[in-house]
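In what follows, a structure is listed as structure tokens, so that the remarks can point back to it.
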Amino acid sequence: MAGEEFRSGLRRRLAVARGDEPADLVLKGGRVASVFTGELLEADVAVSGQHVAGLGPGYEGRETFDARGLTILPGCLEGHMHLESTKLMPDQFARAVLPHGTTTVVIDPHEIANVFGLDGVRALLATAEGVPIDIFVMVSSCVPASEFESSGATVTAEEIAGFLREEPRALGIAEMMNYPAVAAGDEDSLAKIEAARAGKGPPHIDGHSPGLTGRDLNAYLAAGVRSDHECTTYEEVLEKRRLGMWIMIREGSAARNLEALIPLVLQHGPRNTMVCTDDMEPDDLLAEGHIDAVMRKAVRLGCPPHDALVMGTLFPARYHRLHEYGAVAPGYLADIVAVPDLEDFRPAAVWKRGRLVASHGEAVGDIRGPAAPDWMRGSVRVPELSAADFAVRANGRVRVIGVESGQIVTRVLMDEPPRRDGGALADPARDLAKIAVVERHRGTGRMGVGFVRGFGLQRGALASTYAHDAHNVVVVGVDDADMATTVNRLAETGGGQVAVSAGSVVGEVPCPIGGLLSDRPVEEVASAVAHMHEAVRDLGGTLQSPFMAMSFLALSVIPELKITDRGLVDTVRFELVPLEV
């Protein structure tokens, strides 16, 4: 905003605050939830332009909203998420979450960065222009996540520093996932931490350190890392908060940690704590909600409503240094939510920067952003595969990835698969499926093949170009021919997710933009995802979010055993390990 334009708007805001001029909008007769004191204030809210000008009785405005019987809250702020996991372009994502009160999100776009580098991030941000939701970026720090992954691009420390200097929406550096390298003082990791100094103000660095404890945790924090969203136990989360870490309690589609971690808030209060979703399926967004759903569940688990509120509004704003966000108070942005019930957090109306954007569960107005450029399509490059490509030679016991519902950490299991003609087979009766990751960025056809337990599949196969973080093709199945069919189908559609049984597609969600994002409306994408999940259940699948769970099996920085196109990775010892024990 030009200087004179800014001063003109500020002068008017002050005049409205003094009562000398009418507000643009006044919310009358409601109760304002003070995130600073926990009180409910009997006050009108006067809005001037994009900001709150004043709270108190007697304000008059050009437009009035009757807020009697409603409680006025700040808009929800998502402190850490991967937009690509929703499969939605920014405008469709906004249509999904604005009715749930989310008005600001901080994303780590390392999915699109692993495919296209920071040019992909720039293109993604360009598609958000004009969309009534604020999207901020933590610059992806681990592209690729580790030396065991084959990504489509590499992001260097110099590129991170340049992006932080040039992009006003870039707040800092996203999750430093290679936490062993950070703690060990690896030069590349230190260079990326130094790159954070190119940002606005002191370095701002998100963390990712599942299970890290003791002196290694001290070293990780001493490097300047300030947050973590990977905690799964009370003991872990308490140690980290005691050492000053900001805790992001994650409750998404695959990883649901709120119930295990909420005792921290009940015993020690919400300080230095926020809620986030990390990864969400679009059908869950429409059916359950977003940050409002996490706050709602926190209250059901015994959390005081005010504590749940600040963890979804003020505290993520404070952590990310977004000083105009997270409160309904003079000088703060007019990101406002009106709810009938403070414990339920279901919005009757939502305003973004003073503009009504949602009413009674529906987005208001034509929310539409620019289309993605054509070069973001056609990124799935794999050779045509056959059943023979998924053959496994093993003579005895093998390592098996053990999947647990609601968690993205896995266990190292041992089992002896049945064999025929010298090849090791899947065994649906024992919930033993094959898993493979196929390199898809450069068409090398390189593939890692192993075994997994926890999906419950009795027939068929599932495949996806969501395979954190390099986003190669990951496929799980109990039939080698169906596994080949799934991968070949993704090459045809340009990526996404697909389920196959007896050679036929029984469900799919095409995502041609980088193999990650759909170009369809949110309702169509959510319906396709729901249908696909139903198809997986028909195949015997037992996981609530099977594709989300599958996507994390290729992430080589989450304990204990994962798989990439280069083979099995022991993520505790951080080394490749053979399939056979």
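Here, A, B, ... name the chains of the structure tokens in the order displayed, residue numbers run from 1 inside each chain, and ligands are numbered from 1 in the same displayed order.
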Worksheet entry | Within 9 Å of stretch 200-211 of chain A using only C-alpha atoms, minus same-chain residues under 6 positions, as JSON, numbers by chain | {"A": [138, 164, 165, 168, 170, 171, 172, 173, 174, 175, 176, 177, 178, 179, 180, 193, 194, 217, 220, 221, 224, 225, 226, 227, 228, 229, 230, 231, 232, 233, 236, 320, 409, 557, 558, 559]}
Worksheet item: Any idea what's packed within 9 Å of stretch 543-548 of chain A, counting only C-alpha atoms, ignoring anything in its chain fewer than 6 positions away? Could you give it as a ChimeraX atom specification?
Response: /A:85,253-255,279-281,404-406,454-456,462-464,466-467,497,533,536-537
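All residues in stretch 367-435 of chain A with a DSSP state of helix (DSSP H, G or I), computed from the backbone, read Asp374, Trp375, Met376, Ala387, Ala388, Asp389, Phe390, Pro428, Ala429 and Arg430 of chain A.
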Practice prompt. Mind the document's chain letters and residue numbers, and return as a ChimeraX atom specification the residues of stretch 110-345 of chain A that DSSP labels strand (DSSP E or B).
Written response: /A:134-139,170-176,205-207,227-228,246-251,256,273-276,278,333,336-339
Selection to disk with N, CA, C and O atoms, as a short mmCIF file (atom, residue, chain, number, x, y, z; two decimals), in the first residue's frame:
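The result, written out as result_13.cif:
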data_model
loop_
_atom_site.label_atom_id
_atom_site.label_comp_id
_atom_site.auth_asym_id
_atom_site.auth_seq_id
_atom_site.Cartn_x
_atom_site.Cartn_y
_atom_site.Cartn_z
N ASP A 134 -5.50 -15.45 3.55
CA ASP A 134 -4.08 -15.11 3.56
C ASP A 134 -3.26 -16.39 3.64
O ASP A 134 -3.45 -17.20 4.56
N ILE A 135 -2.37 -16.56 2.67
CA ILE A 135 -1.49 -17.72 2.63
C ILE A 135 -0.05 -17.24 2.80
O ILE A 135 0.47 -16.49 1.97
N PHE A 136 0.57 -17.66 3.89
CA PHE A 136 1.97 -17.39 4.13
C PHE A 136 2.77 -18.68 3.92
O PHE A 136 2.22 -19.78 3.99
N VAL A 137 4.07 -18.52 3.70
CA VAL A 137 4.92 -19.65 3.34
C VAL A 137 6.11 -19.75 4.29
O VAL A 137 6.77 -18.74 4.58
N MET A 138 6.36 -20.95 4.76
CA MET A 138 7.65 -21.29 5.33
C MET A 138 8.42 -21.99 4.22
O MET A 138 7.93 -22.96 3.62
N VAL A 139 9.60 -21.50 3.90
CA VAL A 139 10.32 -21.98 2.72
C VAL A 139 10.86 -23.39 2.96
O VAL A 139 11.54 -23.64 3.97
N ALA A 170 6.86 -14.91 2.61
CA ALA A 170 7.75 -15.93 3.20
C ALA A 170 8.15 -15.49 4.61
O ALA A 170 8.71 -14.42 4.80
N LEU A 171 7.85 -16.34 5.59
CA LEU A 171 8.07 -15.98 7.00
C LEU A 171 9.36 -16.54 7.56
O LEU A 171 9.93 -15.99 8.50
N GLY A 172 9.82 -17.67 7.03
CA GLY A 172 10.99 -18.32 7.59
C GLY A 172 11.26 -19.63 6.87
O GLY A 172 10.85 -19.81 5.72
N ILE A 173 11.93 -20.54 7.56
CA ILE A 173 12.30 -21.82 6.98
C ILE A 173 11.40 -22.92 7.54
O ILE A 173 11.18 -23.00 8.76
N ALA A 174 10.88 -23.75 6.65
CA ALA A 174 9.97 -24.81 7.04
C ALA A 174 10.71 -25.94 7.73
O ALA A 174 11.95 -25.96 7.82
N GLU A 175 9.95 -26.91 8.19
CA GLU A 175 10.45 -27.97 9.06
C GLU A 175 11.79 -28.56 8.61
O GLU A 175 11.93 -29.05 7.51
N MET A 176 12.75 -28.49 9.52
CA MET A 176 14.07 -29.08 9.29
C MET A 176 13.96 -30.57 9.61
O MET A 176 14.17 -31.01 10.75
N ILE A 205 12.53 -20.66 12.30
CA ILE A 205 12.77 -22.00 11.76
C ILE A 205 11.82 -23.00 12.41
O ILE A 205 11.82 -23.17 13.63
N ASP A 206 11.03 -23.66 11.58
CA ASP A 206 10.16 -24.74 12.05
C ASP A 206 10.96 -26.03 12.22
O ASP A 206 11.93 -26.27 11.49
N GLY A 207 10.51 -26.86 13.14
CA GLY A 207 11.17 -28.13 13.39
C GLY A 207 10.35 -29.33 12.97
O GLY A 207 9.19 -29.22 12.58
N SER A 227 10.10 -25.06 16.81
CA SER A 227 8.79 -25.70 16.93
C SER A 227 8.88 -27.18 16.58
O SER A 227 9.87 -27.63 16.00
N ASP A 228 7.82 -27.91 16.92
CA ASP A 228 7.72 -29.31 16.50
C ASP A 228 6.26 -29.70 16.40
O ASP A 228 5.44 -29.30 17.24
N TRP A 246 8.02 -24.41 20.81
CA TRP A 246 6.61 -24.23 20.51
C TRP A 246 6.06 -25.57 20.03
O TRP A 246 6.61 -26.18 19.11
N ILE A 247 4.97 -25.99 20.64
CA ILE A 247 4.38 -27.29 20.33
C ILE A 247 3.19 -27.10 19.41
O ILE A 247 2.27 -26.34 19.71
N MET A 248 3.22 -27.78 18.27
CA MET A 248 2.08 -27.83 17.35
C MET A 248 1.41 -29.19 17.52
O MET A 248 1.97 -30.21 17.12
N ILE A 249 0.25 -29.20 18.17
CA ILE A 249 -0.47 -30.46 18.34
C ILE A 249 -1.20 -30.77 17.05
O ILE A 249 -2.08 -30.02 16.63
N ARG A 250 -0.85 -31.88 16.44
CA ARG A 250 -1.36 -32.22 15.11
C ARG A 250 -2.59 -33.12 15.21
O ARG A 250 -2.62 -34.10 15.93
N GLU A 251 -3.59 -32.74 14.45
CA GLU A 251 -4.80 -33.56 14.32
C GLU A 251 -5.26 -33.44 12.87
O GLU A 251 -6.01 -32.53 12.50
N ARG A 256 -3.27 -38.36 14.11
CA ARG A 256 -4.19 -37.76 15.07
C ARG A 256 -3.56 -37.90 16.46
O ARG A 256 -3.62 -38.94 17.09
N THR A 273 1.80 -23.33 22.78
CA THR A 273 1.15 -24.48 22.16
C THR A 273 0.10 -24.00 21.18
O THR A 273 -0.61 -23.02 21.43
N MET A 274 -0.01 -24.68 20.06
CA MET A 274 -1.04 -24.38 19.06
C MET A 274 -1.52 -25.70 18.47
O MET A 274 -0.91 -26.75 18.68
N VAL A 275 -2.63 -25.65 17.75
CA VAL A 275 -3.10 -26.83 17.04
C VAL A 275 -2.85 -26.63 15.55
O VAL A 275 -2.82 -25.51 15.05
N CYS A 276 -2.66 -27.74 14.86
CA CYS A 276 -2.47 -27.69 13.41
C CYS A 276 -3.02 -28.98 12.82
O CYS A 276 -3.34 -29.92 13.54
N ASP A 278 -1.52 -30.26 9.57
CA ASP A 278 -0.42 -30.86 8.81
C ASP A 278 -0.90 -31.37 7.45
O ASP A 278 -0.54 -30.82 6.41
N LEU A 333 -6.38 -7.08 12.12
CA LEU A 333 -7.15 -7.31 10.91
C LEU A 333 -8.54 -7.79 11.27
O LEU A 333 -8.73 -8.55 12.23
N ILE A 336 -12.84 -12.15 11.30
CA ILE A 336 -13.80 -12.30 12.39
C ILE A 336 -14.73 -13.48 12.12
O ILE A 336 -15.16 -13.69 10.98
N VAL A 337 -15.03 -14.21 13.18
CA VAL A 337 -15.94 -15.34 13.11
C VAL A 337 -17.02 -15.15 14.18
O VAL A 337 -16.70 -14.82 15.33
N ALA A 338 -18.28 -15.33 13.80
CA ALA A 338 -19.39 -15.25 14.75
C ALA A 338 -19.97 -16.65 14.94
O ALA A 338 -20.36 -17.29 13.95
N VAL A 339 -19.98 -17.12 16.20
CA VAL A 339 -20.46 -18.48 16.48
C VAL A 339 -21.60 -18.44 17.49
O VAL A 339 -21.59 -17.64 18.43
#
Item to complete: Could you check which of A:Ala329, A:Leu118, A:Val577, A:Ile408 is closest to A:Phe36, using only C-alpha atoms?
Response: A:Ala329
Item to complete: Measuring atom to atom with only C-alpha atoms, identify which of A:Ala96, A:Val328, A:Val412, A:Leu25 is nearest to A:Ala358.
Response: A:Ala96
Worksheet, complete the sentence: Using only C-alpha atoms, the best pick from A:Leu309, A:Val438, A:Val380, A:Val398 as closest to A:Pro270 would be A:Leu309
Worksheet item: Quick one: of A:Asn218, A:Val403, A:Leu14, A:Pro330, who's nearest to A:Asp44, counting only C-alpha atoms?
Response: A:Pro330
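With only C-alpha atoms as the atoms that count, the residue of A:Thr313, A:Thr542, A:Gln92, A:Ser141 with the shortest distance to A:Cys76 is A:Thr313.
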Worksheet entry | Spatial neighbours of stretch 564-576 of chain A, 8 Å, only C-alpha atoms, chain gap at least 4 places, as a list in words |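 The residues that qualify are Phe148, Glu149, Ser150, Ala436, Val437, Val438, Glu439, Arg446, Met447, Gly448, Val449, Gly450, Asn472, Ala554, Leu555, Ser556, Val557, Ile558, Pro559 and Glu560 of chain A.
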Residue selection dump (C-alpha atoms) as a PDB file, in the first residue's frame:
ATOM      1  CA  PHE A 148      17.707 -41.710   0.333  1.00  0.00           C
ATOM      2  CA  GLU A 149      14.997 -39.944  -1.693  1.00  0.00           C
ATOM      3  CA  SER A 150      14.950 -39.078  -5.421  1.00  0.00           C
ATOM      4  CA  ALA A 436       6.816 -50.411  -3.900  1.00  0.00           C
ATOM      5  CA  VAL A 437       8.080 -46.920  -4.686  1.00  0.00           C
ATOM      6  CA  VAL A 438       8.774 -46.095  -8.346  1.00  0.00           C
ATOM      7  CA  GLU A 439      10.872 -43.070  -9.350  1.00  0.00           C
ATOM      8  CA  ARG A 446      14.179 -47.296 -10.397  1.00  0.00           C
ATOM      9  CA  MET A 447      12.060 -49.140  -7.839  1.00  0.00           C
ATOM     10  CA  GLY A 448      12.240 -50.246  -4.241  1.00  0.00           C
ATOM     11  CA  VAL A 449      10.006 -53.198  -3.283  1.00  0.00           C
ATOM     12  CA  GLY A 450       9.162 -54.557   0.147  1.00  0.00           C
ATOM     13  CA  ASN A 472       7.465 -40.642  -6.499  1.00  0.00           C
ATOM     14  CA  ALA A 554       8.114 -43.217   1.630  1.00  0.00           C
ATOM     15  CA  LEU A 555       9.173 -40.442   4.050  1.00  0.00           C
ATOM     16  CA  SER A 556      12.706 -41.338   5.060  1.00  0.00           C
ATOM     17  CA  VAL A 557      12.856 -39.073   8.118  1.00  0.00           C
ATOM     18  CA  ILE A 558      10.028 -40.618  10.187  1.00  0.00           C
ATOM     19  CA  PRO A 559      10.777 -43.641  12.430  1.00  0.00           C
ATOM     20  CA  GLU A 560      11.215 -46.562  12.189  1.00  0.00           C
TER      21      GLU A 560
END
Worksheet item: Of the residues A:Ala499, A:Ile513, A:Val357, A:Val131, which is the one nearest to A:Trp375, using only C-alpha atoms?
Response: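 Checking each candidate against A:Trp375, we get A:Ile513 as the closest.
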Fill in: Point-to-point distance from atom CA of A:Ala181 to atom CA of A:Gly244, Å rounded to tenths
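Atom CA of A:Gly244 lies at a distance of 21.0 Å from atom CA of A:Ala181.
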Can you pull out the residues contacting stretch 477-493 of chain A? Cut-off 9 Å, using only C-alpha atoms, and skip same-chain residues under 6 positions away; I want them as an mmCIF file with C-alpha atoms, in the first residue's frame.
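Writing the result to part_39.cif gives the following:
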data_model
loop_
_atom_site.group_PDB
_atom_site.id
_atom_site.type_symbol
_atom_site.label_atom_id
_atom_site.label_comp_id
_atom_site.auth_asym_id
_atom_site.auth_seq_id
_atom_site.Cartn_x
_atom_site.Cartn_y
_atom_site.Cartn_z
ATOM 1 C CA GLY A 378 2.772 -34.004 -17.308
ATOM 2 C CA SER A 379 5.236 -34.612 -14.479
ATOM 3 C CA VAL A 380 4.617 -38.365 -14.030
ATOM 4 C CA ARG A 381 7.266 -40.137 -16.083
ATOM 5 C CA VAL A 382 7.399 -43.891 -15.520
ATOM 6 C CA PRO A 383 7.988 -46.745 -17.983
ATOM 7 C CA GLU A 384 5.101 -49.124 -18.566
ATOM 8 C CA LEU A 385 5.232 -51.797 -15.879
ATOM 9 C CA SER A 386 4.102 -55.421 -15.682
ATOM 10 C CA ALA A 387 3.483 -57.877 -12.856
ATOM 11 C CA ALA A 388 7.026 -59.187 -13.238
ATOM 12 C CA ASP A 389 8.434 -55.830 -12.130
ATOM 13 C CA PHE A 390 6.986 -56.399 -8.654
ATOM 14 C CA ALA A 391 8.484 -59.862 -8.144
ATOM 15 C CA LEU A 425 4.286 -63.335 -2.225
ATOM 16 C CA ALA A 426 1.787 -61.148 -0.439
ATOM 17 C CA ASP A 427 -0.460 -62.952 2.032
ATOM 18 C CA PRO A 428 -3.867 -61.241 2.543
ATOM 19 C CA LEU A 432 0.853 -58.934 4.502
ATOM 20 C CA ALA A 433 0.908 -56.780 1.373
ATOM 21 C CA LYS A 434 3.640 -55.710 -0.999
ATOM 22 C CA ILE A 435 4.749 -52.105 -1.205
ATOM 23 C CA ALA A 436 6.816 -50.411 -3.900
ATOM 24 C CA VAL A 438 8.774 -46.095 -8.346
ATOM 25 C CA ARG A 440 8.676 -40.824 -11.490
ATOM 26 C CA LEU A 457 -6.214 -55.442 1.825
ATOM 27 C CA GLN A 458 -7.711 -58.732 0.670
ATOM 28 C CA ARG A 459 -7.414 -58.057 -3.058
ATOM 29 C CA GLY A 460 -6.298 -55.403 -5.540
ATOM 30 C CA ALA A 461 -3.839 -52.544 -5.197
ATOM 31 C CA LEU A 462 -3.622 -48.810 -4.404
ATOM 32 C CA ALA A 463 -1.198 -46.278 -5.852
ATOM 33 C CA SER A 464 -0.506 -42.582 -5.434
ATOM 34 C CA THR A 465 1.863 -39.871 -6.591
ATOM 35 C CA ALA A 499 -7.499 -48.126 -6.607
ATOM 36 C CA VAL A 500 -7.579 -51.208 -8.875
ATOM 37 C CA SER A 501 -9.126 -54.655 -8.520
ATOM 38 C CA ALA A 502 -8.837 -57.518 -11.047
ATOM 39 C CA GLY A 503 -7.330 -55.163 -13.607
ATOM 40 C CA SER A 504 -10.105 -52.542 -13.408
ATOM 41 C CA VAL A 505 -10.066 -49.080 -11.850
ATOM 42 C CA PRO A 510 -6.781 -37.444 -10.957
ATOM 43 C CA CYS A 511 -4.323 -34.706 -9.885
ATOM 44 C CA PRO A 512 -2.606 -33.546 -13.073
ATOM 45 C CA GLY A 515 0.817 -35.061 -9.749
#
